[in-house]
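*Asks:* For reference, the structure I am asking about is given below.
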Amino acid sequence: MSAAFVRAAALASALGPDLETALGRLRGGEPLAPARNTPAGGAWPFFAIPMGSGNWAGRASAIAQTVAEALRQAAGLSRDDWAALPCLVGSSSYSVGAWDEGGEPALQRPLEFCSMLAQRFGVRGPVIMVNTACTSGLGALDLALGLIAAGRCRDALVIGVELANRLTVAGFAGLELLSATRGRPCDRARDGLVLGEALAAVLVSARSGRWRIASLASGIDAAGLTGPAPSGQVILDTMRAALTRAHWTRKSVDLLKLQAGGAPLADLAEARAIRELFAAAPQSVSLKGALGHTLGASGPAELALLLGSLDRGRVPDTWGFATPDEELGLAPSGGEAAGVIRVLFNLSGFGGSVMSLALERTKPR
């Protein structure tokens, strides 16, 4: 892999319409409670982005425009370099939420929806769509890294997007994967996921940035469509591959970003993989108690939130975690980030897609 860096990131989520608001909310307040009786979630708790009104498509466009402006300011690219960016979009639902209001006539084809996002960001390079369920956003990032490594571009725009729709909530509810109250990552009382919205954008670049992407590894867990094998073997193998490609040892990892969202068996499988890999687990954090599980957007969304927090000197607390589960053997914790140089970032999803991203700080705070 050629050298690639996270140059800039922007985010709209339940924590706020922009990344700065989200970081302040994450650091300074009481945990955000998911809303109830939302149009998408119905009786199920749901983390919605607190912005926009009107029809679904208009709201999606407004959210994208807000994130685009924030990323453009943070990126520091010339007008021409910005306009030439390829746009790689990861999502598991695209514009299906428009059906809730207007039925089939309101839907856009997925690539048309992605092209709309590229237009809102003001980029005119190739548009590529990725759908690997919950790892879609990281899948898009993986393609961006390939383009940079091949010399096809110097910079690439990666977008992860998941916006409210009843179909997704109904599907997870039908599979009995949702919590009726809140997400509790790694907690003894965890009883399911809480879903959420996010639109996140990351500028990946061959130009130097604060965080270098040391490696990205992926695997497929064929044990089941909706959850990992109980042993966590594929998660283990994927973490090992990421460490090997980064030329790290397990002792190199200062912080582990967990997939953990509060699903009883999935959290346990990841914990078993971690215990097998590490003699003593490194400091860990899960962000799904704060953002909700944002599915295809979760890679870019959690990446933006985590790196933003670390750059401001803080490992965020894991909202929803209170009581350790002895069977897991994990106790996510926040605190000062001065000693966090190397981060292993886990993600997995439906269909067995598993990914692990190795990130290394290149500049002091």
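Chain labels follow the order of the structure tokens: the first chain is A, the next B, and so on; residue numbering restarts at 1 in every chain, and ligands are counted from 1 in their shown order.
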With only C-alpha atoms as the counted atoms, please give the residues lying no more than 10 Å from Asp81 (chain A), apart from itself and same-chain residues fewer than 3 positions off, as a PyMOL selection string.
*Replies:* chain A and resi 76-78+84-85+123+154-155
*Asks:* Any chance you can output those residues with all heavy atoms as a CSV table (one decimal), in the first residue's frame?
*Replies:*
```
chain,number,residue,atom,x,y,z
A,76,GLY,N,-8.4,22.0,2.7
A,76,GLY,CA,-7.3,22.9,2.3
A,76,GLY,C,-6.8,22.6,0.9
A,76,GLY,O,-5.7,22.9,0.5
A,77,LEU,N,-7.7,22.1,0.0
A,77,LEU,CA,-7.4,21.8,-1.4
A,77,LEU,C,-7.7,23.0,-2.3
A,77,LEU,O,-8.6,23.8,-1.9
A,77,LEU,CB,-8.1,20.6,-1.9
A,77,LEU,CG,-7.9,19.3,-1.3
A,77,LEU,CD1,-8.6,18.2,-2.0
A,77,LEU,CD2,-6.4,18.9,-1.3
A,78,SER,N,-7.0,23.1,-3.4
A,78,SER,CA,-7.3,24.2,-4.3
A,78,SER,C,-8.7,23.9,-5.0
A,78,SER,O,-9.2,22.7,-4.9
A,78,SER,CB,-6.3,24.3,-5.4
A,78,SER,OG,-6.3,23.1,-6.3
A,84,ALA,N,-11.8,17.9,-8.9
A,84,ALA,CA,-11.4,16.6,-9.6
A,84,ALA,C,-11.5,15.4,-8.7
A,84,ALA,O,-11.3,14.3,-9.2
A,84,ALA,CB,-9.9,16.8,-10.0
A,85,LEU,N,-11.9,15.5,-7.5
A,85,LEU,CA,-12.0,14.4,-6.6
A,85,LEU,C,-12.9,13.3,-7.1
A,85,LEU,O,-14.1,13.5,-7.5
A,85,LEU,CB,-12.5,14.8,-5.2
A,85,LEU,CG,-11.5,15.6,-4.3
A,85,LEU,CD1,-12.3,16.1,-3.1
A,85,LEU,CD2,-10.3,14.9,-4.0
A,123,VAL,N,-17.9,18.0,-6.5
A,123,VAL,CA,-16.8,17.2,-7.1
A,123,VAL,C,-17.3,16.6,-8.4
A,123,VAL,O,-18.5,16.2,-8.5
A,123,VAL,CB,-16.3,16.1,-6.1
A,123,VAL,CG1,-15.8,16.8,-4.8
A,123,VAL,CG2,-17.3,15.1,-5.8
A,154,ARG,N,-4.6,11.6,-6.4
A,154,ARG,CA,-3.8,11.9,-5.2
A,154,ARG,C,-4.7,12.0,-4.0
A,154,ARG,O,-4.2,11.8,-2.9
A,154,ARG,CB,-3.1,13.2,-5.5
A,154,ARG,CG,-2.0,13.5,-4.5
A,154,ARG,CD,-1.2,14.8,-4.8
A,154,ARG,NE,-0.2,15.0,-3.8
A,154,ARG,CZ,0.6,16.1,-3.8
A,154,ARG,NH1,0.5,17.0,-4.8
A,154,ARG,NH2,1.5,16.2,-2.9
A,155,ASP,N,-5.9,12.4,-4.2
A,155,ASP,CA,-6.9,12.6,-3.2
A,155,ASP,C,-8.2,11.9,-3.6
A,155,ASP,O,-8.6,11.9,-4.8
A,155,ASP,CB,-7.2,14.1,-2.9
A,155,ASP,CG,-5.9,14.8,-2.7
A,155,ASP,OD1,-5.3,14.8,-1.6
A,155,ASP,OD2,-5.4,15.5,-3.6
```
*Asks:* Determine which residues of region 170-332 of chain A receive a DSSP assignment of helix (DSSP H, G or I), computed from the backbone, and state them as a PyMOL selection string.
*Replies:* chain A and resi 170-174+233-246+250-252+264-277+288-291+295-311
*Asks:* Which residues are close to Gly224 (chain A), i.e. within 12 Å by only C-alpha atoms, leaving aside same-chain residues fewer than 2 positions away? Reply as a PyMOL selection string.
*Replies:* chain A and resi 220-222+226-230+266+349-353
*Asks:* Selection from above, all heavy atoms, as a tab-separated table (two decimals), in the first residue's frame, can you write it?
*Replies:*
```tsv
chain	number	residue	atom	x	y	z
A	220	ILE	N	-14.27	-12.48	5.36
A	220	ILE	CA	-15.67	-12.88	5.24
A	220	ILE	C	-15.94	-14.01	6.22
A	220	ILE	O	-15.27	-15.04	6.21
A	220	ILE	CB	-16.01	-13.34	3.82
A	220	ILE	CG1	-15.91	-12.18	2.84
A	220	ILE	CG2	-17.40	-13.95	3.77
A	220	ILE	CD1	-16.96	-11.10	3.06
A	221	ASP	N	-16.93	-13.79	7.08
A	221	ASP	CA	-17.35	-14.80	8.05
A	221	ASP	C	-18.62	-15.46	7.52
A	221	ASP	O	-19.68	-14.84	7.48
A	221	ASP	CB	-17.62	-14.12	9.40
A	221	ASP	CG	-17.88	-15.11	10.52
A	221	ASP	OD1	-18.29	-16.25	10.23
A	221	ASP	OD2	-17.68	-14.73	11.69
A	222	ALA	N	-18.50	-16.68	7.07
A	222	ALA	CA	-19.62	-17.38	6.44
A	222	ALA	C	-20.51	-18.12	7.44
A	222	ALA	O	-21.39	-18.88	7.03
A	222	ALA	CB	-19.08	-18.37	5.41
A	226	THR	N	-26.39	-12.78	9.71
A	226	THR	CA	-26.68	-11.66	10.59
A	226	THR	C	-25.75	-11.55	11.80
A	226	THR	O	-25.96	-10.68	12.64
A	226	THR	CB	-28.13	-11.76	11.11
A	226	THR	OG1	-28.28	-12.98	11.85
A	226	THR	CG2	-29.12	-11.73	9.97
A	227	GLY	N	-24.74	-12.40	11.88
A	227	GLY	CA	-23.84	-12.32	13.02
A	227	GLY	C	-22.61	-13.18	12.80
A	227	GLY	O	-22.60	-14.09	11.97
A	228	PRO	N	-21.56	-12.89	13.57
A	228	PRO	CA	-20.30	-13.62	13.41
A	228	PRO	C	-20.35	-15.00	14.05
A	228	PRO	O	-21.24	-15.30	14.86
A	228	PRO	CB	-19.30	-12.72	14.14
A	228	PRO	CG	-20.11	-12.06	15.21
A	228	PRO	CD	-21.46	-11.82	14.59
A	229	ALA	N	-19.39	-15.83	13.68
A	229	ALA	CA	-19.23	-17.12	14.35
A	229	ALA	C	-18.96	-16.88	15.82
A	229	ALA	O	-18.25	-15.93	16.19
A	229	ALA	CB	-18.08	-17.89	13.72
A	230	PRO	N	-19.52	-17.69	16.71
A	230	PRO	CA	-19.32	-17.47	18.15
A	230	PRO	C	-17.86	-17.40	18.57
A	230	PRO	O	-17.50	-16.72	19.51
A	230	PRO	CB	-20.03	-18.66	18.79
A	230	PRO	CG	-21.07	-19.05	17.79
A	230	PRO	CD	-20.45	-18.80	16.45
A	266	ALA	N	-22.79	-10.93	19.26
A	266	ALA	CA	-21.77	-10.29	18.44
A	266	ALA	C	-20.68	-9.66	19.30
A	266	ALA	O	-19.49	-9.76	18.99
A	266	ALA	CB	-22.41	-9.25	17.53
A	349	GLY	N	-20.24	-6.58	9.77
A	349	GLY	CA	-21.64	-6.37	9.43
A	349	GLY	C	-22.31	-7.58	8.84
A	349	GLY	O	-21.74	-8.67	8.74
A	350	PHE	N	-23.56	-7.37	8.43
A	350	PHE	CA	-24.37	-8.42	7.82
A	350	PHE	C	-23.65	-9.00	6.61
A	350	PHE	O	-22.89	-8.32	5.93
A	350	PHE	CB	-25.72	-7.84	7.38
A	350	PHE	CG	-26.77	-7.83	8.45
A	350	PHE	CD1	-26.43	-7.93	9.78
A	350	PHE	CD2	-28.11	-7.71	8.12
A	350	PHE	CE1	-27.40	-7.92	10.77
A	350	PHE	CE2	-29.08	-7.70	9.09
A	350	PHE	CZ	-28.74	-7.80	10.41
A	351	GLY	N	-23.94	-10.26	6.34
A	351	GLY	CA	-23.32	-10.93	5.22
A	351	GLY	C	-21.92	-11.42	5.52
A	351	GLY	O	-21.26	-12.00	4.66
A	352	GLY	N	-21.44	-11.18	6.75
A	352	GLY	CA	-20.14	-11.69	7.16
A	352	GLY	C	-18.96	-10.80	6.86
A	352	GLY	O	-17.81	-11.21	7.06
A	353	SER	N	-19.18	-9.58	6.38
A	353	SER	CA	-18.07	-8.69	6.07
A	353	SER	C	-17.40	-8.21	7.36
A	353	SER	O	-18.07	-7.72	8.27
A	353	SER	CB	-18.56	-7.49	5.27
A	353	SER	OG	-17.50	-6.61	4.97
```
*Asks:* Would you kindly return, as a PyMOL selection string, each protein, DNA or RNA residue with an atom no farther than 8 Å from any atom of Leu255 (chain A), considering only C-alpha atoms and excluding same-chain residues fewer than 3 positions away?
*Replies:* chain A and resi 282-285+340+342-344
*Asks:* Skip region 114-119 of chain A itself and residues of its chain fewer than 4 positions away, then list as a ChimeraX atom specification all residues within 8 Å of it, counting only C-alpha atoms.
*Replies:* /A:61,64,87,89,94,110,123-124,127-129
*Asks:* Run DSSP on the backbone and grab whatever in region 56-143 of chain A lands in strand (DSSP E or B); send it over as number ranges by chain.
*Replies:* A: 87-90, 127-130
*Asks:* Can those selected residues be exported to a file as a PDB file, in the first residue's frame so that it contains N, CA and C atoms?
*Replies:*
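Resulting contents of out27.pdb:
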```
ATOM      1  N   CYS A  87     -15.506  10.325  -6.083  1.00  0.00           N
ATOM      2  CA  CYS A  87     -16.435  10.240  -4.948  1.00  0.00           C
ATOM      3  C   CYS A  87     -16.855   8.794  -4.763  1.00  0.00           C
ATOM      4  N   LEU A  88     -16.489   8.224  -3.626  1.00  0.00           N
ATOM      5  CA  LEU A  88     -16.794   6.827  -3.325  1.00  0.00           C
ATOM      6  C   LEU A  88     -17.790   6.800  -2.168  1.00  0.00           C
ATOM      7  N   VAL A  89     -18.969   6.245  -2.405  1.00  0.00           N
ATOM      8  CA  VAL A  89     -20.082   6.325  -1.459  1.00  0.00           C
ATOM      9  C   VAL A  89     -20.425   4.938  -0.934  1.00  0.00           C
ATOM     10  N   GLY A  90     -20.418   4.796   0.395  1.00  0.00           N
ATOM     11  CA  GLY A  90     -20.825   3.560   1.042  1.00  0.00           C
ATOM     12  C   GLY A  90     -22.149   3.738   1.760  1.00  0.00           C
ATOM     13  N   VAL A 127     -17.846   8.602  -9.867  1.00  0.00           N
ATOM     14  CA  VAL A 127     -18.674   8.271  -8.704  1.00  0.00           C
ATOM     15  C   VAL A 127     -18.788   6.752  -8.627  1.00  0.00           C
ATOM     16  N   ILE A 128     -18.438   6.199  -7.465  1.00  0.00           N
ATOM     17  CA  ILE A 128     -18.448   4.750  -7.245  1.00  0.00           C
ATOM     18  C   ILE A 128     -19.286   4.457  -6.008  1.00  0.00           C
ATOM     19  N   MET A 129     -20.163   3.476  -6.090  1.00  0.00           N
ATOM     20  CA  MET A 129     -21.007   3.110  -4.953  1.00  0.00           C
ATOM     21  C   MET A 129     -20.595   1.747  -4.414  1.00  0.00           C
ATOM     22  N   VAL A 130     -20.687   1.603  -3.090  1.00  0.00           N
ATOM     23  CA  VAL A 130     -20.292   0.372  -2.407  1.00  0.00           C
ATOM     24  C   VAL A 130     -21.396  -0.019  -1.428  1.00  0.00           C
TER      25      VAL A 130
END
```
*Asks:* Of the candidates A:Ser205, A:Thr318, A:Thr21, A:Ser231, which shows the shortest atom-to-atom distance to Glu270 (chain A), using only C-alpha atoms?
*Replies:*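 Among A:Ser205, A:Thr318, A:Thr21, A:Ser231, it is A:Ser231 that comes nearest to Glu270 (chain A).
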*Asks:* Looking at A:Ala74, A:Ala290, A:Leu138, A:Leu111, which one is nearest to Ala8 (chain A), with distances taken over only C-alpha atoms?
*Replies:*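 Using only C-alpha atoms, Ala8 (chain A) sits closest to A:Ala74.
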*Asks:* When distances are computed from only C-alpha atoms, which of A:Leu307, A:Leu256, A:Ala301, A:Val194 shows the smallest separation from Ser136 (chain A)?
*Replies:* A:Ala301
*Asks:* Using only C-alpha atoms, find each residue of region 185-225 of chain A with at least one atom at most 8 Å away from an atom of region 233-246 of chain A; report its shortest atom-to-atom pair and that distance in Å (one decimal), sort the rows by chain and rising residue number, and return the result as a tab-separated table.
*Replies:*
```
residue	atom	partner	partner_atom	distance
A:Ala214	CA	A:Ala246	CA	5.0
A:Ser215	CA	A:Ala246	CA	5.2
A:Leu216	CA	A:Ala242	CA	5.8
A:Ala217	CA	A:Ala242	CA	5.0
A:Ser218	CA	A:Thr238	CA	5.8
A:Gly219	CA	A:Thr238	CA	5.9
A:Ile220	CA	A:Val234	CA	6.9
A:Asp221	CA	A:Val234	CA	5.7
```
*Asks:* Filtering to N, CA and C atoms, could you give me those residues as a PDB file, in the first residue's frame?
*Replies:*
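Dumped everything to selection.pdb:
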```pdb
ATOM      1  N   ALA A 214      -2.111   2.855   8.026  1.00  0.00           N
ATOM      2  CA  ALA A 214      -1.019   1.883   7.956  1.00  0.00           C
ATOM      3  C   ALA A 214      -1.435   0.618   7.225  1.00  0.00           C
ATOM      4  N   SER A 215      -2.698   0.219   7.344  1.00  0.00           N
ATOM      5  CA  SER A 215      -3.195  -0.960   6.623  1.00  0.00           C
ATOM      6  C   SER A 215      -4.706  -1.044   6.768  1.00  0.00           C
ATOM      7  N   LEU A 216      -5.318  -1.809   5.894  1.00  0.00           N
ATOM      8  CA  LEU A 216      -6.738  -2.127   5.984  1.00  0.00           C
ATOM      9  C   LEU A 216      -6.907  -3.570   5.524  1.00  0.00           C
ATOM     10  N   ALA A 217      -7.422  -4.408   6.419  1.00  0.00           N
ATOM     11  CA  ALA A 217      -7.613  -5.824   6.108  1.00  0.00           C
ATOM     12  C   ALA A 217      -9.099  -6.159   6.158  1.00  0.00           C
ATOM     13  N   SER A 218      -9.499  -7.147   5.362  1.00  0.00           N
ATOM     14  CA  SER A 218     -10.901  -7.552   5.343  1.00  0.00           C
ATOM     15  C   SER A 218     -11.012  -9.065   5.317  1.00  0.00           C
ATOM     16  N   GLY A 219     -12.159  -9.549   5.749  1.00  0.00           N
ATOM     17  CA  GLY A 219     -12.428 -10.979   5.742  1.00  0.00           C
ATOM     18  C   GLY A 219     -13.909 -11.238   5.599  1.00  0.00           C
ATOM     19  N   ILE A 220     -14.266 -12.476   5.365  1.00  0.00           N
ATOM     20  CA  ILE A 220     -15.670 -12.877   5.242  1.00  0.00           C
ATOM     21  C   ILE A 220     -15.942 -14.006   6.224  1.00  0.00           C
ATOM     22  N   ASP A 221     -16.928 -13.794   7.084  1.00  0.00           N
ATOM     23  CA  ASP A 221     -17.351 -14.797   8.054  1.00  0.00           C
ATOM     24  C   ASP A 221     -18.617 -15.458   7.517  1.00  0.00           C
TER      25      ASP A 221
END
```
*Asks:* Please determine, counting only C-alpha atoms, which residue among A:Ile63, A:Val315, A:Leu15, A:Val202 has the shortest atom-to-atom distance to Ala337 (chain A).
*Replies:*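 Going through A:Ile63, A:Val315, A:Leu15, A:Val202 one by one, the smallest distance to Ala337 (chain A) is for A:Val315.
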